[in-house]
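Content type mmCIF, C-alpha atoms and all ligand atoms, from the file target_35.cif:
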data_my_file
#
loop_
_atom_site.label_atom_id
_atom_site.label_comp_id
_atom_site.auth_asym_id
_atom_site.auth_seq_id
_atom_site.Cartn_x
_atom_site.Cartn_y
_atom_site.Cartn_z
CA MET A 12 32.97 88.44 139.39
CA LYS A 13 30.95 90.87 137.26
CA LEU A 14 27.52 89.29 137.08
CA LEU A 15 24.45 90.26 135.07
CA VAL A 16 21.22 88.72 136.35
CA VAL A 17 18.24 88.80 134.01
CA GLY A 18 15.43 88.81 136.57
CA GLY A 19 16.74 88.47 140.09
CA THR A 20 14.06 89.83 142.40
CA GLN A 21 11.53 87.11 143.19
CA PHE A 22 12.82 83.76 144.44
CA VAL A 23 15.61 81.85 142.68
CA GLY A 24 17.13 85.04 141.31
CA ARG A 25 16.71 86.86 144.59
CA HIS A 26 18.72 84.23 146.48
CA LEU A 27 21.32 84.24 143.74
CA VAL A 28 21.70 88.01 143.99
CA ASP A 29 21.93 87.87 147.79
CA ALA A 30 24.60 85.16 147.61
CA ALA A 31 26.58 87.00 144.93
CA LEU A 32 26.48 90.28 146.86
CA ALA A 33 27.46 88.52 150.09
CA ARG A 34 30.67 87.27 148.51
CA GLY A 35 31.52 90.61 146.94
CA ASP A 36 30.47 90.12 143.32
CA GLU A 37 29.57 93.16 141.23
CA VAL A 38 25.92 92.58 140.36
CA THR A 39 23.78 94.20 137.67
CA LEU A 40 20.08 93.37 137.41
CA PHE A 41 17.99 93.63 134.26
CA ASN A 42 14.23 93.53 134.84
CA ARG A 43 11.10 95.62 134.46
CA GLY A 44 11.01 96.84 138.06
CA ARG A 45 7.60 95.29 138.74
CA THR A 46 8.21 92.37 141.05
CA ALA A 47 10.31 93.91 143.81
CA ALA A 48 9.36 96.97 145.82
CA ALA A 49 13.04 97.70 146.39
CA LEU A 50 16.37 96.36 145.20
CA PRO A 51 19.11 95.18 147.53
CA ALA A 52 21.75 97.76 148.36
CA GLY A 53 24.77 97.55 146.12
CA VAL A 54 23.21 96.30 142.88
CA GLN A 55 23.16 98.23 139.64
CA TRP A 56 19.86 98.23 137.80
CA ARG A 57 19.17 98.30 134.07
CA ALA A 58 15.43 98.71 133.47
CA GLY A 59 13.86 96.89 130.57
CA ASP A 60 11.47 94.25 129.33
CA ARG A 61 13.17 91.23 127.81
CA ARG A 62 10.24 90.87 125.43
CA GLY A 63 10.59 94.46 124.36
CA ASP A 64 13.38 96.99 124.50
CA LEU A 65 16.82 95.60 125.38
CA SER A 66 18.64 98.89 124.81
CA ALA A 67 19.49 99.21 128.51
CA LEU A 68 21.89 96.34 127.89
CA ALA A 69 23.54 97.92 124.87
CA GLU A 70 26.71 98.59 126.81
CA GLY A 71 28.71 96.67 129.37
CA ARG A 72 30.71 93.47 129.69
CA TRP A 73 30.15 90.74 132.23
CA ASP A 74 31.96 87.59 133.27
CA ALA A 75 28.62 85.85 133.27
CA VAL A 76 24.92 86.40 132.77
CA VAL A 77 22.47 84.31 134.78
CA ASP A 78 19.08 84.20 133.10
CA THR A 79 16.46 83.23 135.67
CA CYS A 80 13.36 84.23 133.73
CA GLY A 81 13.72 82.75 130.26
CA TYR A 82 10.71 80.71 129.21
CA LEU A 83 10.54 81.12 125.42
CA PRO A 84 13.26 80.30 122.89
CA SER A 85 12.65 83.60 121.09
CA GLU A 86 13.31 85.67 124.22
CA VAL A 87 16.41 83.68 125.12
CA ALA A 88 17.71 84.02 121.55
CA ARG A 89 17.23 87.81 121.64
CA MET A 90 19.03 88.07 124.98
CA ALA A 91 21.93 85.90 123.79
CA ASP A 92 22.25 87.96 120.60
CA ALA A 93 22.07 91.25 122.49
CA LEU A 94 24.89 90.20 124.81
CA ASP A 95 26.97 88.33 122.24
CA GLY A 96 30.68 88.99 122.55
CA ARG A 97 30.30 90.76 125.91
CA ILE A 98 29.80 87.84 128.30
CA GLY A 99 32.03 85.00 129.37
CA CYS A 100 29.24 82.55 130.14
CA TYR A 101 25.47 82.44 129.68
CA ALA A 102 23.97 80.49 132.59
CA PHE A 103 20.37 79.60 131.90
CA VAL A 104 18.05 78.46 134.67
CA SER A 105 16.20 75.64 132.95
CA SER A 106 14.33 72.82 134.71
CA VAL A 107 14.18 69.04 135.04
CA SER A 108 10.83 69.53 133.31
CA ALA A 109 12.86 69.96 130.11
CA TYR A 110 13.23 66.17 129.83
CA ALA A 111 11.01 64.41 127.34
CA SER A 112 9.62 62.01 129.92
CA ALA A 113 9.40 61.73 133.70
CA THR A 114 8.42 58.10 133.87
CA ARG A 115 12.03 57.02 134.37
CA PRO A 116 14.93 58.64 136.24
CA ASN A 117 16.67 61.21 134.04
CA ASP A 118 20.35 62.02 133.94
CA GLU A 119 21.74 64.81 131.77
CA GLN A 120 21.99 62.51 128.74
CA ALA A 121 18.26 61.74 128.69
CA PRO A 122 16.34 63.13 125.71
CA LEU A 123 14.85 66.59 126.09
CA GLY A 124 11.27 67.42 125.22
CA ARG A 125 10.14 68.86 121.92
CA ILE A 126 7.22 71.04 121.00
CA ASP A 127 5.80 71.62 117.54
CA ASP A 128 5.13 75.32 117.99
CA GLU A 129 8.13 76.95 119.66
CA ASP A 130 6.42 80.33 119.40
CA THR A 131 3.61 79.32 121.71
CA GLU A 132 3.34 80.75 125.22
CA VAL A 133 3.83 78.78 128.42
CA VAL A 134 0.24 77.87 129.19
CA ASP A 135 0.67 74.83 131.40
CA GLY A 136 3.04 72.09 132.47
CA ARG A 137 2.84 70.52 129.03
CA THR A 138 4.36 73.53 127.26
CA TYR A 139 6.64 74.75 130.07
CA GLY A 140 9.11 71.84 129.91
CA PRO A 141 9.51 71.49 126.13
CA LEU A 142 9.86 75.27 125.83
CA LYS A 143 12.67 75.20 128.41
CA ALA A 144 14.28 72.47 126.29
CA ALA A 145 13.90 74.67 123.21
CA CYS A 146 15.54 77.56 125.11
CA GLU A 147 18.50 75.29 125.89
CA ARG A 148 18.83 74.28 122.24
CA VAL A 149 18.80 77.93 121.19
CA LEU A 150 21.62 78.71 123.61
CA GLN A 151 23.68 75.74 122.51
CA ALA A 152 23.28 76.75 118.88
CA ARG A 153 24.24 80.38 119.52
CA LEU A 154 26.82 80.12 122.27
CA GLY A 155 27.93 76.47 122.31
CA GLY A 156 30.83 76.26 124.74
CA ARG A 157 29.76 79.36 126.65
CA ALA A 158 26.35 78.00 127.70
CA LEU A 159 25.66 76.55 131.14
CA CYS A 160 22.21 75.03 131.57
CA ILE A 161 21.15 74.45 135.15
CA ARG A 162 18.17 72.12 135.47
CA PRO A 163 16.73 72.45 138.97
CA GLY A 164 14.19 70.06 140.38
CA LEU A 165 11.48 71.50 142.59
CA VAL A 166 12.94 74.64 144.15
CA VAL A 167 11.91 75.34 147.74
CA GLY A 168 12.62 77.66 150.64
CA PRO A 169 11.90 81.21 151.78
CA HIS A 170 10.29 83.52 149.18
CA ASP A 171 8.90 80.61 147.12
CA PRO A 172 5.90 82.11 145.29
CA THR A 173 4.44 78.73 144.30
CA GLN A 174 3.31 77.75 147.83
CA ARG A 175 4.02 74.07 147.11
CA PHE A 176 6.67 73.20 149.68
CA THR A 177 5.49 75.97 152.01
CA TRP A 178 2.11 74.27 152.28
CA TRP A 179 3.53 71.54 154.53
CA PRO A 180 5.30 73.60 157.23
CA ALA A 181 2.33 76.00 157.26
CA ARG A 182 -0.19 73.14 157.41
CA LEU A 183 1.59 71.60 160.40
CA ALA A 184 1.76 75.03 162.03
CA ARG A 185 -2.06 75.16 161.79
CA ALA A 186 -2.25 71.66 163.21
CA ALA A 187 -0.13 72.80 166.14
CA LEU A 188 -2.90 75.27 166.98
CA ASP A 189 -6.06 73.21 166.41
CA GLY A 190 -4.80 69.63 166.82
CA ALA A 191 -7.05 68.45 163.97
CA PRO A 192 -5.86 65.61 161.69
CA VAL A 193 -3.66 66.47 158.72
CA LEU A 194 -4.41 64.74 155.42
CA ALA A 195 -1.22 63.31 153.93
CA PRO A 196 -0.77 61.64 150.55
CA GLY A 197 0.21 58.09 149.73
CA GLU A 198 2.86 56.48 151.86
CA PRO A 199 5.29 58.03 154.35
CA SER A 200 8.12 56.07 152.75
CA ARG A 201 7.63 57.68 149.30
CA PRO A 202 10.92 59.39 148.33
CA ILE A 203 10.76 63.08 147.44
CA GLN A 204 13.39 65.34 145.91
CA PHE A 205 13.90 69.09 145.75
CA ILE A 206 16.52 71.80 146.20
CA ASP A 207 16.65 74.71 148.58
CA ALA A 208 16.90 77.90 146.47
CA ARG A 209 19.91 78.98 148.53
CA ASP A 210 21.76 75.77 147.69
CA LEU A 211 20.85 76.29 144.05
CA ALA A 212 22.24 79.83 144.18
CA ALA A 213 25.48 78.61 145.74
CA PHE A 214 25.83 75.93 143.08
CA VAL A 215 25.28 78.35 140.20
CA LEU A 216 27.98 80.69 141.56
CA ARG A 217 30.36 77.81 142.15
CA ALA A 218 29.75 76.48 138.64
CA LEU A 219 30.57 79.92 137.23
CA ASP A 220 33.70 80.20 139.37
CA ASP A 221 34.87 76.78 138.18
CA GLY A 222 34.12 77.51 134.53
CA LEU A 223 31.60 74.69 134.19
CA ARG A 224 29.64 74.47 130.96
CA GLY A 225 26.95 72.14 129.65
CA ALA A 226 23.95 70.78 131.55
CA PHE A 227 23.59 69.93 135.24
CA ASN A 228 20.61 68.55 137.12
CA ALA A 229 20.50 70.65 140.29
CA VAL A 230 18.52 68.77 142.90
CA ALA A 231 19.06 66.62 145.96
CA PRO A 232 20.01 63.01 145.22
CA PRO A 233 17.18 60.50 144.77
CA GLY A 234 16.01 59.31 148.16
CA PHE A 235 17.35 62.45 149.89
CA THR A 236 14.22 62.35 152.01
CA THR A 237 10.69 60.98 152.14
CA MET A 238 7.21 62.39 152.48
CA GLY A 239 7.09 61.00 156.02
CA ALA A 240 10.39 62.60 157.01
CA LEU A 241 9.23 65.91 155.57
CA LEU A 242 6.05 65.89 157.63
CA GLN A 243 8.04 64.83 160.67
CA ALA A 244 10.39 67.78 160.18
CA CYS A 245 7.42 70.12 159.69
CA ALA A 246 5.73 68.79 162.85
CA ALA A 247 8.95 69.29 164.81
CA ALA A 248 9.43 72.82 163.48
CA ALA A 249 5.84 73.79 164.29
CA GLY A 250 5.59 71.89 167.58
CA ALA A 251 2.63 69.91 166.23
CA SER A 252 1.50 66.54 167.54
CA ALA A 253 -1.76 66.29 165.57
CA PRO A 254 -2.51 62.94 163.91
CA ILE A 255 -1.38 62.53 160.32
CA ALA A 256 -3.95 60.73 158.18
CA TRP A 257 -2.13 58.95 155.36
CA ALA A 258 -4.55 58.37 152.51
CA HIS A 259 -3.72 55.84 149.83
CA ALA A 260 -3.33 57.08 146.25
CA ASP A 261 -6.50 55.23 145.20
CA VAL A 262 -8.50 56.93 147.94
CA LEU A 263 -7.25 60.37 146.93
CA ALA A 264 -7.95 59.63 143.27
CA ARG A 265 -11.50 58.57 144.16
CA GLU A 266 -11.95 61.86 146.01
CA GLY A 267 -10.59 63.81 143.05
CA VAL A 268 -7.69 65.21 145.06
CA ARG A 269 -5.17 66.52 142.54
CA PRO A 270 -1.57 65.35 143.04
CA TRP A 271 1.10 68.09 143.20
CA VAL A 272 -1.47 70.89 143.34
CA GLU A 273 -3.83 69.91 146.17
CA MET A 274 -1.37 67.51 147.79
CA PRO A 275 1.88 69.37 147.10
CA LEU A 276 5.07 67.38 146.50
CA TRP A 277 3.08 64.21 145.93
CA LEU A 278 3.11 62.43 142.57
CA PRO A 279 1.72 58.90 142.26
CA ALA A 280 4.51 56.43 141.51
CA ASP A 281 2.69 54.86 138.58
CA GLY A 282 1.69 58.11 136.84
CA GLU A 283 3.33 59.96 133.94
CA HIS A 284 5.38 61.95 136.48
CA GLY A 285 6.29 58.93 138.60
CA ALA A 286 10.05 59.61 138.36
CA PHE A 287 9.86 63.41 138.39
CA MET A 288 11.43 63.37 141.84
CA ASP A 289 13.91 60.62 141.02
CA VAL A 290 16.35 62.64 138.95
CA ASP A 291 20.04 61.74 138.85
CA SER A 292 22.09 64.64 140.21
CA THR A 293 25.41 62.78 140.45
CA LYS A 294 27.08 65.18 138.00
CA ALA A 295 26.20 68.29 140.01
CA LEU A 296 27.08 66.64 143.30
CA SER A 297 30.50 65.71 141.88
CA ALA A 298 30.88 69.31 140.72
CA GLY A 299 30.28 70.74 144.17
CA LEU A 300 26.50 70.90 144.72
CA ARG A 301 25.94 70.92 148.49
CA LEU A 302 22.59 70.49 150.23
CA ARG A 303 21.60 71.84 153.60
CA PRO A 304 19.68 69.57 156.01
CA LEU A 305 15.95 69.24 155.45
CA ALA A 306 15.21 70.61 158.94
CA GLU A 307 16.95 73.89 158.11
CA THR A 308 14.88 74.41 154.96
CA VAL A 309 11.67 73.63 156.86
CA VAL A 310 12.46 75.92 159.81
CA ASP A 311 13.51 78.81 157.56
CA THR A 312 10.51 78.42 155.26
CA LEU A 313 8.13 78.40 158.22
CA ALA A 314 9.86 81.44 159.75
CA TRP A 315 9.57 83.32 156.44
CA TRP A 316 5.92 82.32 155.94
CA ARG A 317 5.10 83.62 159.43
CA THR A 318 6.42 87.04 158.43
CA LEU A 319 3.93 87.34 155.56
CA PRO A 320 0.84 89.53 155.98
CA PRO A 321 -2.32 87.42 156.56
CA ALA A 322 -3.59 87.92 153.01
CA GLN A 323 -0.43 86.33 151.64
CA GLN A 324 -0.68 83.41 154.05
CA VAL A 325 -3.80 82.22 152.24
CA PHE A 326 -3.03 79.15 150.13
CA ASP A 327 -4.60 79.89 146.77
CA LYS A 328 -1.97 78.23 144.56
CA ALA A 329 -1.30 74.96 146.38
CA GLY A 330 -2.92 72.78 149.01
CA LEU A 331 -6.50 72.09 150.02
CA SER A 332 -8.91 74.55 151.55
CA PRO A 333 -9.60 73.68 155.21
CA GLU A 334 -13.20 72.85 154.31
CA ARG A 335 -12.24 70.49 151.50
CA GLU A 336 -9.64 68.76 153.64
CA VAL A 337 -12.21 68.13 156.38
CA GLU A 338 -14.66 66.77 153.77
CA VAL A 339 -12.08 64.44 152.26
CA LEU A 340 -11.00 63.23 155.68
CA ALA A 341 -14.59 62.61 156.72
CA ARG A 342 -15.44 60.70 153.54
CA CYS A 343 -12.43 58.44 153.70
CA ALA A 344 -12.12 58.13 157.46
CA SER A 345 -12.09 54.36 157.24
CA ALA A 346 -9.54 54.33 154.48
CA VAL A 347 -6.66 56.23 155.95
CA SER A 348 -4.01 55.19 158.40
CA ALA A 349 -3.62 57.71 161.18
CA SER A 350 -0.48 58.33 163.12
CA GLY A 351 0.85 60.95 165.48
CA ALA A 352 4.13 62.31 164.23
CA PRO A 353 4.46 60.37 160.98
CA PRO A 354 6.81 57.43 161.42
CA ALA A 355 9.03 57.00 158.37
CA GLY A 356 8.29 53.79 156.57
CA GLN A 357 4.78 53.25 157.87
CA SER A 358 2.58 51.97 155.09
CA ALA A 359 -0.80 53.37 154.28
CA ASN A 360 -3.84 51.23 153.68
CA SER A 361 -6.62 51.68 151.22
N1 LIG B 401 10.11 77.05 141.32
C1 LIG B 401 10.54 75.87 140.93
O1 LIG B 401 10.24 74.84 141.55
C2 LIG B 401 11.43 75.75 139.71
C3 LIG B 401 11.90 74.49 139.34
C4 LIG B 401 12.76 74.39 138.24
C5 LIG B 401 13.11 75.52 137.54
N2 LIG B 401 12.62 76.73 137.91
C6 LIG B 401 13.03 77.92 137.15
O2 LIG B 401 13.64 78.81 138.04
C7 LIG B 401 13.35 80.14 137.63
C8 LIG B 401 12.66 80.76 138.80
O3 LIG B 401 12.38 82.06 138.58
P1 LIG B 401 12.12 83.10 139.74
O4 LIG B 401 10.80 83.72 139.45
O5 LIG B 401 12.34 82.50 141.05
O6 LIG B 401 13.30 84.10 139.34
P2 LIG B 401 13.64 85.53 139.88
O7 LIG B 401 14.75 86.03 139.05
O8 LIG B 401 13.82 85.56 141.35
O9 LIG B 401 12.29 86.38 139.56
C9 LIG B 401 11.81 86.55 138.26
C10 LIG B 401 12.40 87.83 137.70
O10 LIG B 401 12.15 87.99 136.34
C11 LIG B 401 11.86 89.35 136.06
N3 LIG B 401 11.08 89.41 134.84
C12 LIG B 401 9.91 88.77 134.60
N4 LIG B 401 9.48 89.05 133.35
C13 LIG B 401 10.42 89.87 132.81
C14 LIG B 401 10.54 90.52 131.55
N5 LIG B 401 9.61 90.37 130.59
N6 LIG B 401 11.64 91.29 131.32
C15 LIG B 401 12.57 91.45 132.28
N7 LIG B 401 12.50 90.88 133.50
C16 LIG B 401 11.44 90.10 133.76
C17 LIG B 401 11.11 89.80 137.31
O11 LIG B 401 11.20 91.19 137.54
P3 LIG B 401 10.09 92.23 136.97
O12 LIG B 401 8.76 91.60 137.17
O13 LIG B 401 10.33 93.42 137.82
O14 LIG B 401 10.43 92.43 135.53
C18 LIG B 401 11.90 89.08 138.39
O15 LIG B 401 13.04 89.83 138.76
C19 LIG B 401 12.49 80.05 136.38
O16 LIG B 401 13.29 80.12 135.23
C20 LIG B 401 11.87 78.65 136.51
O17 LIG B 401 11.54 78.11 135.26
C21 LIG B 401 11.80 76.87 138.99
#
Could you show the structure in this file as structure tokens?
Amino acid sequence: MKLLVVGGTQFVGRHLVDAALARGDEVTLFNRGRTAAALPAGVQWRAGDRRGDLSALAEGRWDAVVDTCGYLPSEVARMADALDGRIGCYAFVSSVSAYASATRPNDEQAPLGRIDDEDTEVVDGRTYGPLKAACERVLQARLGGRALCIRPGLVVGPHDPTQRFTWWPARLARAALDGAPVLAPGEPSRPIQFIDARDLAAFVLRALDDGLRGAFNAVAPPGFTTMGALLQACAAAAGASAPIAWAHADVLAREGVRPWVEMPLWLPADGEHGAFMDVDSTKALSAGLRLRPLAETVVDTLAWWRTLPPAQQVFDKAGLSPEREVEVLARCASAVSASGAPPAGQSANS
């Protein structure tokens, strides 16, 4: 397949490019040349800024374009117009954040978000999702039957720049060294949902091969795993036997610990994002989405994280600083339930 990837050098796009090259696709990248120090052997590169000059894309035909870095409807519209008539399919990497609400499980028919000012920038989670939805609408309007909108849930694995999933294997690796308690959120039985970026890449390529169009939630099925099972897998990968201190949601709220950011992958069940990790992915699973075992994602993420230079191993985007974690643990020592390796299903107290 002749594939154009808009982006392609950080995380999701990087795995997509690797997978496409590995199976012999002819891959062209369009990006500014800022994110990656070097490109993988075998790709063709068209230099350009999607918010500026698209002339590098003035010539060429592709079976499909995969747009991994579209965030604004205006930039997606320009890209679609620039490539019009020269691509078989426009695959847009959207997000489950595009749905209007995350209080109930969403399938692909659920309403998408809306935003009054579609020319605004992505400034936070409140604009990110509705702008992705607006990007999808733009593609549908321009390309209709040639648009494929992939809506991933939380994407995890090696090269993840967000640090969210990586926090847990790395945190348990620290615990393997110092044996100190690890603060864990809520209840071990709380279901969590994500997708390994390599499984996402494989699904996008398969969807293109099979000529799929329309929208697909790309994420593990609801209940794929739990917070407890994740920490268990992380402890096993790191060889850690430190106690896990499960703090109830109320305790964490009292301490001002921010869900998702300071306790990554944790969203209180009764909050506005209570069903964010309860998305229906039946359609993608029926269309060939395959998920690797949790343990593989954990082991590979930890192995990758260990290769990073020390400065990049500092968690400045997700997780708690060691000092803050010790403080929180000390202040709520009587209000957590401690365990060794976290047994799935154990309930936390408050
Ligand atoms: N992480 C998650 O949990 C998650 C969940 C759901 C959906 N998503 C979506 O998945 C995608 C993930 O993106 P990624 O960063 O991993 O993709 P990526 O394709 O691996 O990296 C981003 C690419 O975009 C290029 N780029 C950025 N600004 C550009 C510009 N103005 N013009 C041309 N190229 C530009 C960068 O290269 P240069 O800097 O060299 O230009 C880089 O190659 C996003 O669309 C995100 O919304 C992520």
(request) Step by step, measure atom-to-atom distances between ligand LIG 401 (chain B) and each residue using only C-alpha atoms and all ligand atoms, keep those at most 7 Å, then write them as a ChimeraX atom specification. (result) /A:17-25,41-47,59-62,79-82,104-107,162-167,171,173
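Across the model, the gap from atom CA of Leu313 of chain A to atom CA of Ala240 of chain A is 16.0 Å.
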(request) Using only C-alpha atoms, pick whichever of A:Ala341, A:Ala69, A:Val77, A:Leu331 has the shortest atom-to-atom distance to Val268 of chain A. (result) A:Leu331
(message) Every residue with an atom at most 12 Å from (4.6, 63.1, 144.5) (file coordinates; only C-alpha atoms) is what I'm after, so could you write them as a PyMOL selection string?
(response) chain A and resi 113+165+175-176+195-205+237-239+260+269-289
(request) Pick out the closest residue to Arg303 of chain A from this set: A:Asp210, A:Glu266, A:Asp189, A:Asp130. Count all atoms listed in the file. (result)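 Using all atoms listed in the file, Arg303 of chain A sits closest to A:Asp210.
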(request) Could you tell me how far atom CA of Pro321 of chain A lies from atom CA of Gly136 of chain A, in Å and to one decimal? (result)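 Taking atom CA of Pro321 of chain A as the start and atom CA of Gly136 of chain A as the end point, the length is 29.1 Å.
Ranking A:Pro84, A:Gly190, A:Pro116, A:Gly156 by their shortest atom-to-atom distance to Gly140 of chain A, with only C-alpha atoms included, puts A:Pro84 first.
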